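All remarks here apply to the structure that follows.
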Amino acid sequence: MKKVRIAGLSILLSAMAMLTYMYALAHRNRVLTHTLYSTSTPTNKLNVFFISDIHKRSIPKRLIDELRTRSIDAVIVGGDVAEGGVPIGRIERNIRLLASIGPIFYIFGNNDQEVGTENILRVMKQVGGKVLVNSTTSIPNHPAFGICGLQDPNNGIVEIDKAVDSASDYDHLILAVHNPSFFRKFEEKRQPDLSVAGHTHGGQIRLGPFGMQDLGRFETVGNCAKLISNGYGTTMVPLRFGAKPECHVVEVHY
């Protein structure tokens, strides 16, 4: 009986240790840096910061302080800045911190309506940011580059043709979507220099190579690149395993 109790205690302690590790992993701050050469003889450089799927997390000031040293030209928030139950004050704080490092652009995610998309629109207006819904806008000091953002189908209609038409005046383009499944539909009409998305969380909890979704990745094909992020926060449970949280700086040479 004593051996059974000892074995049970060992299993309990191991489970607690694993949960503690998974919780700590889910709250790490990782900034990954990627490089894209969108022309063979670049004369300009554009630094893009991309973060998605913040959900319930609070962005620490030390992360913002680090990013302020990187000369960020555009901050793209790839949807799901929150989910149901997240205080509006936390959303406001996170967006204000992100807006402090550079011009900020937002696209809606599938969970945003749980906190009221009107709240996100209000905060973005207060910080001078832009919400992109099947539309394209320019990046300050980089007039040749446009950012095109698609609507999320949970919040409205995804209008690919409208989005493509809105980008016609730009020589270079960043496509921002929440769900990467829309990459292909847009690329049938136009090939962006850089495509960014979140949503998948990299599977969030994985067993080796197995997960509900693929791990995030940055991949280049010729002069174009695609970034699918593991995301910054978590959903359902505040735990990760095998899919580290991340946000990104993409250095685009054009």
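All residue names refer to the structure tokens as shown: chains lettered A, B, ... in order, residues numbered from 1 in each chain, ligands numbered from 1 in order.
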Would you give me, as a ChimeraX atom specification, the residues in range 135-230 of chain A that DSSP reads as strand (DSSP E or B)?
-> /A:135-139,142-149,172-176,194-197,205,207,210,217-221,224-228
Extract, using only C-alpha atoms, all DNA, RNA and protein residues at most 9 Å from range 49-65 of chain A, discarding same-chain residues fewer than 3 positions from it, and format them as a VMD selection string.
-> chain A and resid 27 29 to 31 68 to 69 72 to 87 90 to 91 93 to 94 97 to 98 100 to 102 109 111 178 196 to 201 229 to 235 238 246 to 251
Select from range 38-165 of chain A everything DSSP, run on the backbone, classes as alpha helix (DSSP H), then give the selection as a ChimeraX atom specification.
-> /A:61-67,88-99,117-126,160-165
Return the single residue from A:Ile95, A:Val133, A:Val221, A:Ile160 that is closest to Asn119 in chain A, with distances computed using only C-alpha atoms.
->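 The shortest atom-to-atom distance to Asn119 in chain A comes from A:Ile95.
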Contacts of Asp171 in chain A at 9 Å (only C-alpha atoms; same-chain gap of 3+ positions) as a VMD selection string | chain A and resid 144 to 146 167 to 168
Could those residues be written to a file, using all heavy atoms, as a JSON list (two decimals), in the first residue's frame?
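File produced: out14.json:
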```
[["chain", "number", "residue", "atom", "x", "y", "z"],
["A", 144, "ALA", "N", 5.50, 53.12, -51.63],
["A", 144, "ALA", "CA", 5.39, 52.04, -52.61],
["A", 144, "ALA", "C", 4.78, 50.78, -52.01],
["A", 144, "ALA", "O", 4.35, 49.88, -52.73],
["A", 144, "ALA", "CB", 6.77, 51.71, -53.19],
["A", 145, "PHE", "N", 4.71, 50.73, -50.66],
["A", 145, "PHE", "CA", 4.23, 49.53, -49.97],
["A", 145, "PHE", "C", 2.83, 49.74, -49.41],
["A", 145, "PHE", "O", 2.57, 50.71, -48.71],
["A", 145, "PHE", "CB", 5.17, 49.17, -48.81],
["A", 145, "PHE", "CG", 5.86, 47.85, -48.98],
["A", 145, "PHE", "CD1", 7.20, 47.81, -49.32],
["A", 145, "PHE", "CD2", 5.17, 46.66, -48.82],
["A", 145, "PHE", "CE1", 7.86, 46.60, -49.49],
["A", 145, "PHE", "CE2", 5.81, 45.45, -48.99],
["A", 145, "PHE", "CZ", 7.16, 45.41, -49.33],
["A", 146, "GLY", "N", 1.94, 48.82, -49.73],
["A", 146, "GLY", "CA", 0.60, 48.83, -49.16],
["A", 146, "GLY", "C", 0.40, 47.65, -48.23],
["A", 146, "GLY", "O", 1.05, 46.61, -48.38],
["A", 167, "ALA", "N", -5.65, 47.33, -53.74],
["A", 167, "ALA", "CA", -4.18, 47.31, -53.69],
["A", 167, "ALA", "C", -3.53, 47.62, -55.03],
["A", 167, "ALA", "O", -2.31, 47.56, -55.16],
["A", 167, "ALA", "CB", -3.71, 45.93, -53.22],
["A", 168, "SER", "N", -4.33, 47.99, -56.02],
["A", 168, "SER", "CA", -3.81, 48.12, -57.38],
["A", 168, "SER", "C", -2.78, 49.24, -57.55],
["A", 168, "SER", "O", -1.97, 49.21, -58.47],
["A", 168, "SER", "CB", -4.97, 48.34, -58.36],
["A", 168, "SER", "OG", -5.68, 49.54, -58.03]]
```
